[in-house]
Amino acid sequence: MRRVELSDGADLAQWREAARALLADGVPPDQVLWPGGAQDDLLGAGADMFERSVPAQPGVAVARRRVASEPRVPREFLGLAGLVLAHADPRRHALLYRLLWRIAHGERALLAMVTDDDVAWARHAAKAVSREKHKMKAFVRFREVADGQGAVYVAWFEPEHDVLPQVAPFFVRRFAGMRWSILTPARSAHWDGATLHLGEGARRGDAPAGDVLEDLWRVYYANIFNPARLKVGAMVKEMPVRYWKNMPEATLIPALVRDAGTRMQAMVDAAPTVPQKIFPAPRETPGTRRADAARLRERGVPAMPGTPREPGGSRPADVAPALPALQAAVSACRACPLWQPATQAVPGEGPADARIMVVGEQPGDREDLVGRPFVGPAGQLLDRALAEAGLARDTLYLTNAVKHFKFKPAGKRRLHVRADAAEQAACRPWLEAELAAVRPRLVLCLGATAAQAMLGRGFALLSGRGRWYRLEDGLQVLPTVHPSWLLRLSDAERAAAWPGFIADLRLLQTAATLA
């Protein structure tokens with residue numbers, strides 16, 4: 001009988017090392033005593049009489065069948081083992097070794113046999129651990145305390161399984177900018193803003209009972225609770241009662257459930273309301289467009305999309321409008337139907353005397369909500385690329401060839417749709433007006449829509465990117481891909497395309513230095 005000692009029963013690396021040594025020595029599963037197993041519980045201290053597990057010694061003969069010290073197992077097995085080892089059942093080590101033994105001795109397709117007792121138990125355990133990891137991410141509640149260095153956020157959680165080591169990296173990514181600790185009976189995790197430390201378990205009294213923000217959190221929870229969608233069974237299934245004692249909002253649940261029927265009936269009896277846009281359209285009356293055009297002329301803004309031009313009137317490029325007036329005019333644009341579903345127009349922003357103008361294609365979901373260009377995922381990627389190329393965002397004027405977000409709904413998401421030729425043409429005078437107002441020396445076009453707005457409808461972006469083009473008025477234009485194109489690539493494809501994108505931006509940086 002071989003006895004195995006593990007300092008951390010949930011550590012995959014420790015279990016894997018011990019299992020490899022056992023396989024190398026040809027020790028079958030029924031001859032192994034794992035920590036916390038049924039035999040260990042029965043024998044107690046008497047288990048010391050059994051042989052302890054030690055690394056295999058070269059040249060030692062064994063009577064049983066030998067296997068390679070590095071058995072080839074399906075990759076799926078390691079993922080399954082990592083989850084099962086976090087399970088609370090003390091039989092987990094023995095069962096995993098039994099699975100490994102069977103796989104290493106010829107049952108290569110064992111994990112596909114869902115009716116096998118060992119496989120079924122392991123998959124059930126892995127599912128339970130995965131569910132507990134999800135619950136921990138959802139139901140951990142931090143309370144603020146203070147130490148000599150400032151605020152620290154501490155949470156108490158009582159997981160059913162030993163999932164903290166696997167979940168702690170999620171909280172590092174989610175709350176990287178604050179110092180926090182998560183305490184559980186078995187372990188603790190501490191993030192100091194730079195390093196994650198795993199420590200011993202704690203007691204409930206080691207965590208704070210509440211903080212000043214909990215009343216605010218309860219007010220928020222009470223206001224988002226929708227009685228019309230209440231399903232008590234589903235709620236308890238998704239948020240089991242055993243978690244409630246550590247969640248401040250849980251104290252409200254009994255009353256909210258009790259009053260749900262009354263509140264729902266009040267909602268049914270109330271008069272219906274008509275949804276309003278966040279930025280409703282201004283009311284138009286006969287002559288509104290003429291009045292708008294007159295006001296724009298008073299502010300020095302040239303004729304704009306949707307406003308008829310006077311015979312012989314100036315082209316936008318011939319006039320230098322003031323940027324604040326231009327941005328206000330953009331926000332009131334109704335030249336094409338794109339304004340109707342959009343939250344708001346997104347005008348350009350940046351220094352009025354910027355030497356470089358960056359022209360994108362159209363706002364995205366985040367830009368539409370915030371009202372500023374390049375603040376979403378593509379904008380964040382652009383910021384990273386600009387910094388790598390030696391360009392400061394705050395010195396650039398950033399805008400888009402199309403000023404409203406065109407999208408199609410997909411559930412709760414809004415998916416980008418390319419503006420058609422008529423919509424692009426309706427926005428063209430806005431871009432001309434911005435060029436006239438800022439008078440940049442260099443223009444960077446991101447994407448095909450932007451490049452064609454500056455260089456013509458026939459311009460082919462992928463074959464013509466990364467080169468300077470001089471317009472008749474001397475303006476120099478550099479087209480390249482849009483950051484959103486990079487985001488749509490796979491990780492490997494993005495890594496391959498990134499240097500080319502940076503090289504294009506460095507052309508801009510070099511030209512800006514010489515200009």
# chains A, B, ... in the order shown; residues from 1 in each chain; ligands from 1
>>> residues_around(residues="region 90-93 of chain A", least_positions_apart="2", cutoff="12 Å", atoms="only C-alpha atoms", output="VMD selection string")
chain A and resid 4 to 6 8 to 12 14 to 16 18 to 19 29 32 to 41 80 to 88 95 to 100 118 to 119 121 to 126 161 to 162
>>> residues_around(residues="region 398-411 of chain A", least_positions_apart="4", cutoff="8 Å", atoms="only C-alpha atoms", output="compact mmCIF listing (two decimals) with all heavy atoms, in the first residue's frame")
# COMPACT_ATOMS: atom_id res chain seq x y z
N VAL A 330 -23.84 69.97 -35.94
CA VAL A 330 -23.79 68.53 -36.18
C VAL A 330 -24.83 67.82 -35.32
O VAL A 330 -25.53 66.91 -35.76
CB VAL A 330 -22.38 67.98 -35.92
CG1 VAL A 330 -22.39 66.45 -35.88
CG2 VAL A 330 -21.41 68.46 -36.97
N LEU A 338 -30.39 58.34 -40.27
CA LEU A 338 -29.57 57.72 -39.22
C LEU A 338 -29.78 58.35 -37.85
O LEU A 338 -29.53 57.70 -36.83
CB LEU A 338 -28.08 57.81 -39.59
CG LEU A 338 -27.60 56.91 -40.74
CD1 LEU A 338 -26.09 57.00 -40.88
CD2 LEU A 338 -28.02 55.47 -40.51
N TRP A 339 -30.23 59.60 -37.79
CA TRP A 339 -30.40 60.26 -36.50
C TRP A 339 -31.53 59.62 -35.68
O TRP A 339 -31.54 59.71 -34.45
CB TRP A 339 -30.70 61.75 -36.68
CG TRP A 339 -32.05 62.03 -37.29
CD1 TRP A 339 -32.34 62.14 -38.60
CD2 TRP A 339 -33.27 62.24 -36.58
NE1 TRP A 339 -33.68 62.40 -38.78
CE2 TRP A 339 -34.27 62.47 -37.54
CE3 TRP A 339 -33.62 62.25 -35.23
CZ2 TRP A 339 -35.60 62.71 -37.20
CZ3 TRP A 339 -34.95 62.50 -34.88
CH2 TRP A 339 -35.92 62.72 -35.86
N PRO A 341 -32.70 56.28 -34.99
CA PRO A 341 -32.42 55.26 -33.99
C PRO A 341 -31.22 55.57 -33.10
O PRO A 341 -31.07 54.98 -32.03
CB PRO A 341 -32.16 54.00 -34.83
CG PRO A 341 -31.60 54.53 -36.11
CD PRO A 341 -32.32 55.83 -36.35
N ALA A 342 -30.37 56.49 -33.54
CA ALA A 342 -29.15 56.78 -32.78
C ALA A 342 -29.48 57.57 -31.51
O ALA A 342 -30.49 58.27 -31.44
CB ALA A 342 -28.16 57.56 -33.64
N GLN A 344 -27.46 59.99 -30.29
CA GLN A 344 -27.05 61.37 -30.53
C GLN A 344 -26.03 61.37 -31.66
O GLN A 344 -25.44 60.34 -31.99
CB GLN A 344 -26.43 61.97 -29.28
CG GLN A 344 -25.22 61.18 -28.76
CD GLN A 344 -24.76 61.64 -27.40
OE1 GLN A 344 -24.56 62.83 -27.19
NE2 GLN A 344 -24.61 60.71 -26.47
N ALA A 345 -25.81 62.54 -32.23
CA ALA A 345 -24.71 62.71 -33.18
C ALA A 345 -23.40 62.79 -32.40
O ALA A 345 -23.38 63.18 -31.23
CB ALA A 345 -24.90 63.97 -34.00
N VAL A 346 -22.32 62.39 -33.05
CA VAL A 346 -21.01 62.41 -32.40
C VAL A 346 -20.10 63.34 -33.22
O VAL A 346 -19.53 62.92 -34.24
CB VAL A 346 -20.39 61.00 -32.31
CG1 VAL A 346 -19.03 61.06 -31.62
CG2 VAL A 346 -21.33 60.07 -31.56
N PRO A 347 -19.97 64.59 -32.83
CA PRO A 347 -19.08 65.50 -33.55
C PRO A 347 -17.62 65.21 -33.24
O PRO A 347 -17.30 64.45 -32.32
CB PRO A 347 -19.49 66.88 -33.03
CG PRO A 347 -20.01 66.62 -31.66
CD PRO A 347 -20.65 65.25 -31.70
N GLY A 348 -16.74 65.82 -34.00
CA GLY A 348 -15.31 65.66 -33.75
C GLY A 348 -14.88 66.41 -32.50
O GLY A 348 -15.60 67.26 -31.97
N GLU A 349 -13.67 66.08 -32.02
CA GLU A 349 -13.12 66.78 -30.87
C GLU A 349 -11.61 66.85 -30.99
O GLU A 349 -10.99 65.99 -31.60
CB GLU A 349 -13.53 66.10 -29.55
CG GLU A 349 -12.88 64.75 -29.31
CD GLU A 349 -13.17 64.21 -27.93
OE1 GLU A 349 -14.16 64.64 -27.31
OE2 GLU A 349 -12.39 63.36 -27.45
N GLY A 350 -11.05 67.88 -30.40
CA GLY A 350 -9.60 68.06 -30.41
C GLY A 350 -9.25 69.52 -30.56
O GLY A 350 -10.13 70.39 -30.67
N MET A 357 -5.47 65.63 -38.39
CA MET A 357 -6.85 65.22 -38.20
C MET A 357 -6.95 63.72 -38.45
O MET A 357 -6.42 63.21 -39.44
CB MET A 357 -7.80 65.97 -39.14
CG MET A 357 -9.26 65.55 -38.99
SD MET A 357 -10.40 66.42 -40.12
CE MET A 357 -10.41 68.04 -39.37
N VAL A 358 -7.59 63.01 -37.53
CA VAL A 358 -7.82 61.58 -37.68
C VAL A 358 -9.29 61.38 -38.01
O VAL A 358 -10.17 61.81 -37.27
CB VAL A 358 -7.47 60.82 -36.38
CG1 VAL A 358 -7.78 59.33 -36.53
CG2 VAL A 358 -6.01 61.03 -36.03
N VAL A 359 -9.55 60.75 -39.16
CA VAL A 359 -10.92 60.54 -39.63
C VAL A 359 -11.24 59.05 -39.58
O VAL A 359 -10.58 58.25 -40.25
CB VAL A 359 -11.11 61.08 -41.06
CG1 VAL A 359 -12.56 60.89 -41.50
CG2 VAL A 359 -10.71 62.54 -41.13
N GLY A 360 -12.22 58.68 -38.77
CA GLY A 360 -12.68 57.31 -38.72
C GLY A 360 -13.87 57.10 -39.63
O GLY A 360 -14.21 57.95 -40.46
N GLU A 361 -14.55 55.97 -39.45
CA GLU A 361 -15.67 55.65 -40.33
C GLU A 361 -16.98 56.18 -39.76
O GLU A 361 -17.64 57.03 -40.37
CB GLU A 361 -15.73 54.13 -40.54
CG GLU A 361 -14.50 53.61 -41.25
CD GLU A 361 -14.61 52.15 -41.64
OE1 GLU A 361 -15.05 51.34 -40.79
OE2 GLU A 361 -14.26 51.83 -42.78
N GLN A 362 -17.39 55.67 -38.60
CA GLN A 362 -18.61 56.14 -37.94
C GLN A 362 -18.51 55.80 -36.47
O GLN A 362 -17.70 54.97 -36.06
CB GLN A 362 -19.84 55.51 -38.56
CG GLN A 362 -20.00 54.02 -38.25
CD GLN A 362 -21.35 53.47 -38.72
OE1 GLN A 362 -21.83 53.79 -39.80
NE2 GLN A 362 -21.95 52.63 -37.91
N PRO A 363 -19.33 56.44 -35.62
CA PRO A 363 -19.28 56.11 -34.19
C PRO A 363 -19.71 54.66 -33.96
O PRO A 363 -20.47 54.08 -34.74
CB PRO A 363 -20.28 57.09 -33.57
CG PRO A 363 -20.51 58.14 -34.60
CD PRO A 363 -20.29 57.50 -35.93
N GLY A 364 -19.22 54.09 -32.86
CA GLY A 364 -19.66 52.77 -32.43
C GLY A 364 -20.67 52.88 -31.31
O GLY A 364 -21.16 53.96 -30.98
N ASP A 365 -20.99 51.75 -30.71
CA ASP A 365 -22.00 51.71 -29.65
C ASP A 365 -21.63 52.63 -28.49
O ASP A 365 -22.44 53.42 -28.01
CB ASP A 365 -22.18 50.27 -29.16
CG ASP A 365 -23.20 50.15 -28.06
OD1 ASP A 365 -24.40 50.17 -28.37
OD2 ASP A 365 -22.81 50.06 -26.88
N ASP A 368 -21.73 56.34 -29.40
CA ASP A 368 -23.10 56.81 -29.52
C ASP A 368 -23.68 57.17 -28.15
O ASP A 368 -24.43 58.13 -28.01
CB ASP A 368 -23.95 55.73 -30.19
CG ASP A 368 -25.42 56.07 -30.21
OD1 ASP A 368 -25.80 56.96 -30.98
OD2 ASP A 368 -26.19 55.44 -29.46
N PRO A 373 -15.91 60.79 -29.96
CA PRO A 373 -15.32 59.81 -30.89
C PRO A 373 -14.22 58.99 -30.24
O PRO A 373 -13.50 59.46 -29.36
CB PRO A 373 -14.76 60.69 -32.02
CG PRO A 373 -14.42 61.99 -31.33
CD PRO A 373 -15.47 62.17 -30.27
N PHE A 374 -14.11 57.73 -30.69
CA PHE A 374 -13.00 56.84 -30.32
C PHE A 374 -12.86 56.67 -28.80
O PHE A 374 -11.79 56.86 -28.23
CB PHE A 374 -11.69 57.35 -30.91
CG PHE A 374 -11.64 57.28 -32.41
CD1 PHE A 374 -11.87 58.41 -33.18
CD2 PHE A 374 -11.41 56.07 -33.06
CE1 PHE A 374 -11.85 58.36 -34.57
CE2 PHE A 374 -11.39 56.01 -34.45
CZ PHE A 374 -11.61 57.15 -35.20
N LEU A 415 -25.32 45.93 -33.19
CA LEU A 415 -24.22 45.55 -34.08
C LEU A 415 -24.04 46.59 -35.17
O LEU A 415 -25.00 47.02 -35.81
CB LEU A 415 -24.49 44.17 -34.71
CG LEU A 415 -24.68 43.02 -33.72
CD1 LEU A 415 -24.90 41.71 -34.48
CD2 LEU A 415 -23.48 42.89 -32.78
N HIS A 416 -22.79 46.98 -35.37
CA HIS A 416 -22.42 47.99 -36.38
C HIS A 416 -22.84 47.56 -37.78
O HIS A 416 -22.69 46.40 -38.17
CB HIS A 416 -20.90 48.20 -36.31
CG HIS A 416 -20.34 49.00 -37.45
ND1 HIS A 416 -20.03 48.44 -38.66
CD2 HIS A 416 -20.03 50.31 -37.55
CE1 HIS A 416 -19.54 49.36 -39.46
NE2 HIS A 416 -19.53 50.51 -38.81
N VAL A 417 -23.40 48.52 -38.53
CA VAL A 417 -23.75 48.32 -39.93
C VAL A 417 -23.11 49.47 -40.73
O VAL A 417 -23.20 50.63 -40.33
CB VAL A 417 -25.27 48.32 -40.15
CG1 VAL A 417 -25.61 48.22 -41.64
CG2 VAL A 417 -25.91 47.16 -39.39
N ARG A 418 -22.50 49.16 -41.85
CA ARG A 418 -21.83 50.18 -42.66
C ARG A 418 -22.86 51.14 -43.25
O ARG A 418 -23.90 50.73 -43.78
CB ARG A 418 -21.04 49.51 -43.78
CG ARG A 418 -20.32 50.48 -44.72
CD ARG A 418 -19.70 49.70 -45.87
NE ARG A 418 -19.18 50.58 -46.90
CZ ARG A 418 -17.92 50.98 -46.99
NH1 ARG A 418 -17.05 50.58 -46.09
NH2 ARG A 418 -17.54 51.78 -47.97
N ALA A 419 -22.58 52.43 -43.14
CA ALA A 419 -23.45 53.44 -43.74
C ALA A 419 -23.42 53.31 -45.26
O ALA A 419 -22.37 53.07 -45.86
CB ALA A 419 -22.99 54.84 -43.32
N GLU A 423 -26.05 57.89 -47.19
CA GLU A 423 -25.79 58.35 -45.82
C GLU A 423 -24.39 58.96 -45.71
O GLU A 423 -24.19 59.97 -45.02
CB GLU A 423 -25.97 57.18 -44.85
CG GLU A 423 -27.41 56.72 -44.74
CD GLU A 423 -27.56 55.29 -44.26
OE1 GLU A 423 -26.54 54.55 -44.23
OE2 GLU A 423 -28.69 54.90 -43.93
N GLN A 424 -23.43 58.35 -46.38
CA GLN A 424 -22.08 58.92 -46.38
C GLN A 424 -22.07 60.28 -47.08
O GLN A 424 -21.42 61.23 -46.62
CB GLN A 424 -21.11 57.97 -47.07
CG GLN A 424 -20.91 56.65 -46.33
CD GLN A 424 -19.98 55.71 -47.07
OE1 GLN A 424 -18.98 56.14 -47.66
NE2 GLN A 424 -20.30 54.42 -47.08
N CYS A 427 -23.33 63.14 -44.95
CA CYS A 427 -22.39 63.59 -43.92
C CYS A 427 -21.15 64.26 -44.50
O CYS A 427 -20.37 64.85 -43.75
CB CYS A 427 -21.95 62.41 -43.04
SG CYS A 427 -23.02 62.12 -41.62
N ARG A 428 -20.94 64.15 -45.78
CA ARG A 428 -19.72 64.69 -46.39
C ARG A 428 -19.51 66.18 -46.10
O ARG A 428 -18.39 66.60 -45.76
CB ARG A 428 -19.76 64.43 -47.90
CG ARG A 428 -18.66 65.12 -48.69
CD ARG A 428 -17.27 64.62 -48.33
NE ARG A 428 -16.23 65.47 -48.90
CZ ARG A 428 -14.93 65.28 -48.72
NH1 ARG A 428 -14.51 64.28 -47.99
NH2 ARG A 428 -14.06 66.09 -49.26
N LEU A 431 -17.73 66.84 -42.78
CA LEU A 431 -16.29 66.61 -42.81
C LEU A 431 -15.57 67.77 -43.50
O LEU A 431 -14.51 68.22 -43.06
CB LEU A 431 -15.99 65.29 -43.52
CG LEU A 431 -14.51 64.89 -43.61
CD1 LEU A 431 -13.87 64.82 -42.23
CD2 LEU A 431 -14.37 63.56 -44.35
N THR A 449 -14.34 53.67 -45.40
CA THR A 449 -15.30 54.78 -45.49
C THR A 449 -14.58 56.11 -45.39
O THR A 449 -14.85 57.05 -46.15
CB THR A 449 -16.37 54.65 -44.40
OG1 THR A 449 -17.08 53.42 -44.58
CG2 THR A 449 -17.35 55.80 -44.46
N ALA A 450 -13.66 56.23 -44.43
CA ALA A 450 -12.91 57.48 -44.25
C ALA A 450 -12.01 57.75 -45.46
O ALA A 450 -11.92 58.89 -45.95
CB ALA A 450 -12.09 57.41 -42.97
N ALA A 453 -14.00 58.90 -48.40
CA ALA A 453 -14.51 60.26 -48.22
C ALA A 453 -13.45 61.29 -48.60
O ALA A 453 -13.78 62.37 -49.09
CB ALA A 453 -14.94 60.46 -46.76
>>> select_by_dssp(residues="region 121-281 of chain A", states="alpha helix (DSSP H)", output="PyMOL selection string")
chain A and resi 121-139+164-174+214-224+232-238+253-258+260-269
>>> closest_atom_pairs(of="region 333-395 of chain A", to="region 434-442 of chain A", cutoff="7 Å", atoms="only C-alpha atoms", output="Markdown table")
| residue | atom | partner | partner_atom | distance |
| --- | --- | --- | --- | --- |
| A:Ala352 | CA | A:Val438 | CA | 5.2 |
| A:Asp353 | CA | A:Val438 | CA | 5.5 |
| A:Ala354 | CA | A:Pro440 | CA | 6.0 |
| A:Arg355 | CA | A:Pro440 | CA | 4.5 |
| A:Ile356 | CA | A:Leu442 | CA | 4.9 |
| A:Met357 | CA | A:Pro440 | CA | 6.0 |
>>> atom_distance(atom1="CA of Leu391 (chain A)", atom2="CA of Leu478 (chain A)")
14.8 Å
>>> atom_distance(atom1="CA of Glu107 (chain A)", atom2="CA of Asp30 (chain A)")
17.7 Å
>>> residues_around(residues="region 72-76 of chain A", least_positions_apart="6", cutoff="8 Å", atoms="only C-alpha atoms", output="mmCIF file with all heavy atoms, in the first residue's frame")
data_model
loop_
_atom_site.group_PDB
_atom_site.id
_atom_site.type_symbol
_atom_site.label_atom_id
_atom_site.label_comp_id
_atom_site.auth_asym_id
_atom_site.auth_seq_id
_atom_site.Cartn_x
_atom_site.Cartn_y
_atom_site.Cartn_z
ATOM 1 N N LEU A 100 -7.074 8.100 -14.480
ATOM 2 C CA LEU A 100 -5.787 8.208 -15.142
ATOM 3 C C LEU A 100 -5.194 6.827 -15.406
ATOM 4 O O LEU A 100 -4.639 6.564 -16.480
ATOM 5 C CB LEU A 100 -4.833 9.039 -14.275
ATOM 6 C CG LEU A 100 -3.409 9.218 -14.814
ATOM 7 C CD1 LEU A 100 -3.432 9.956 -16.144
ATOM 8 C CD2 LEU A 100 -2.549 9.964 -13.806
ATOM 9 N N ILE A 103 -6.990 5.246 -18.356
ATOM 10 C CA ILE A 103 -6.621 5.876 -19.632
ATOM 11 C C ILE A 103 -5.222 5.439 -20.052
ATOM 12 O O ILE A 103 -4.971 5.092 -21.217
ATOM 13 C CB ILE A 103 -6.696 7.406 -19.510
ATOM 14 C CG1 ILE A 103 -8.152 7.861 -19.347
ATOM 15 C CG2 ILE A 103 -6.073 8.081 -20.732
ATOM 16 C CD1 ILE A 103 -8.306 9.335 -19.017
ATOM 17 N N ALA A 104 -4.287 5.450 -19.083
ATOM 18 C CA ALA A 104 -2.901 5.091 -19.387
ATOM 19 C C ALA A 104 -2.749 3.619 -19.745
ATOM 20 O O ALA A 104 -1.772 3.233 -20.387
ATOM 21 C CB ALA A 104 -2.004 5.436 -18.202
ATOM 22 N N ARG A 108 -8.347 4.749 -23.952
ATOM 23 C CA ARG A 108 -8.089 6.098 -24.424
ATOM 24 C C ARG A 108 -9.368 6.911 -24.584
ATOM 25 O O ARG A 108 -9.351 8.127 -24.440
ATOM 26 C CB ARG A 108 -7.367 6.041 -25.773
ATOM 27 C CG ARG A 108 -6.019 5.362 -25.725
ATOM 28 C CD ARG A 108 -4.993 6.231 -25.035
ATOM 29 N NE ARG A 108 -4.811 7.513 -25.695
ATOM 30 C CZ ARG A 108 -4.140 8.533 -25.176
ATOM 31 N NH1 ARG A 108 -3.632 8.426 -23.961
ATOM 32 N NH2 ARG A 108 -3.995 9.660 -25.840
#
>>> atom_distance(atom1="CA of Leu508 (chain A)", atom2="CA of Arg393 (chain A)")
12.8 Å
>>> residues_around(residues="Arg179 (chain A)", least_positions_apart="6", cutoff="10 Å", atoms="only C-alpha atoms", output="ChimeraX atom specification")
/A:149-154,172,190-194
>>> closest_residue(among="A:Gly261, A:Pro479, A:Pro429, A:Gly148", to="Gly447 (chain A)", atoms="only C-alpha atoms")
A:Pro479
>>> residues_around(residues="Ala385 (chain A)", least_positions_apart="6", cutoff="10 Å", atoms="only C-alpha atoms", output="list in words")
Gly379, Leu391, Pro483, Trp498, Pro499, Phe501, Ile502, Ala503, Leu505 and Arg506 of chain A
>>> write_last_selection(atoms="N, CA, C and O atoms", output="PDB file, in the first residue's frame")
ATOM      1  N   GLY A 379     -11.367  52.577 -30.012  1.00  0.00           N
ATOM      2  CA  GLY A 379     -10.646  53.770 -29.572  1.00  0.00           C
ATOM      3  C   GLY A 379      -9.551  53.457 -28.583  1.00  0.00           C
ATOM      4  O   GLY A 379      -8.470  54.070 -28.606  1.00  0.00           O
ATOM      5  N   LEU A 391       2.722  59.193 -30.875  1.00  0.00           N
ATOM      6  CA  LEU A 391       1.765  60.267 -31.144  1.00  0.00           C
ATOM      7  C   LEU A 391       0.882  60.477 -29.916  1.00  0.00           C
ATOM      8  O   LEU A 391       0.403  59.510 -29.317  1.00  0.00           O
ATOM      9  N   PRO A 483      -9.000  50.469 -36.437  1.00  0.00           N
ATOM     10  CA  PRO A 483      -8.710  49.562 -35.315  1.00  0.00           C
ATOM     11  C   PRO A 483      -9.763  48.473 -35.123  1.00  0.00           C
ATOM     12  O   PRO A 483      -9.453  47.378 -34.663  1.00  0.00           O
ATOM     13  N   TRP A 498      -0.551  43.732 -36.456  1.00  0.00           N
ATOM     14  CA  TRP A 498      -0.238  44.890 -35.597  1.00  0.00           C
ATOM     15  C   TRP A 498       0.998  45.671 -36.068  1.00  0.00           C
ATOM     16  O   TRP A 498       0.954  46.904 -36.130  1.00  0.00           O
ATOM     17  N   PRO A 499       2.127  45.011 -36.388  1.00  0.00           N
ATOM     18  CA  PRO A 499       3.311  45.785 -36.808  1.00  0.00           C
ATOM     19  C   PRO A 499       3.044  46.666 -38.030  1.00  0.00           C
ATOM     20  O   PRO A 499       3.570  47.776 -38.132  1.00  0.00           O
ATOM     21  N   PHE A 501       0.198  48.090 -38.854  1.00  0.00           N
ATOM     22  CA  PHE A 501      -0.599  49.233 -38.407  1.00  0.00           C
ATOM     23  C   PHE A 501       0.298  50.269 -37.719  1.00  0.00           C
ATOM     24  O   PHE A 501       0.190  51.475 -37.973  1.00  0.00           O
ATOM     25  N   ILE A 502       1.190  49.797 -36.874  1.00  0.00           N
ATOM     26  CA  ILE A 502       2.127  50.704 -36.190  1.00  0.00           C
ATOM     27  C   ILE A 502       3.045  51.383 -37.195  1.00  0.00           C
ATOM     28  O   ILE A 502       3.357  52.578 -37.079  1.00  0.00           O
ATOM     29  N   ALA A 503       3.474  50.634 -38.211  1.00  0.00           N
ATOM     30  CA  ALA A 503       4.352  51.227 -39.233  1.00  0.00           C
ATOM     31  C   ALA A 503       3.645  52.368 -39.956  1.00  0.00           C
ATOM     32  O   ALA A 503       4.246  53.412 -40.246  1.00  0.00           O
ATOM     33  N   LEU A 505       1.266  54.288 -38.688  1.00  0.00           N
ATOM     34  CA  LEU A 505       1.186  55.421 -37.764  1.00  0.00           C
ATOM     35  C   LEU A 505       2.541  56.103 -37.605  1.00  0.00           C
ATOM     36  O   LEU A 505       2.599  57.323 -37.394  1.00  0.00           O
ATOM     37  N   ARG A 506       3.606  55.348 -37.709  1.00  0.00           N
ATOM     38  CA  ARG A 506       4.933  55.969 -37.599  1.00  0.00           C
ATOM     39  C   ARG A 506       5.238  56.831 -38.824  1.00  0.00           C
ATOM     40  O   ARG A 506       5.992  57.812 -38.728  1.00  0.00           O
TER      41      ARG A 506
END
>>> closest_residue(among="A:Asp206, A:Glu144, A:Glu17, A:Asp116", to="Trp156 (chain A)", atoms="only C-alpha atoms")
A:Asp206
>>> residues_around(residues="region 267-272 of chain A", least_positions_apart="4", cutoff="10 Å", atoms="only C-alpha atoms", output="PyMOL selection string")
chain A and resi 227-228+261-263
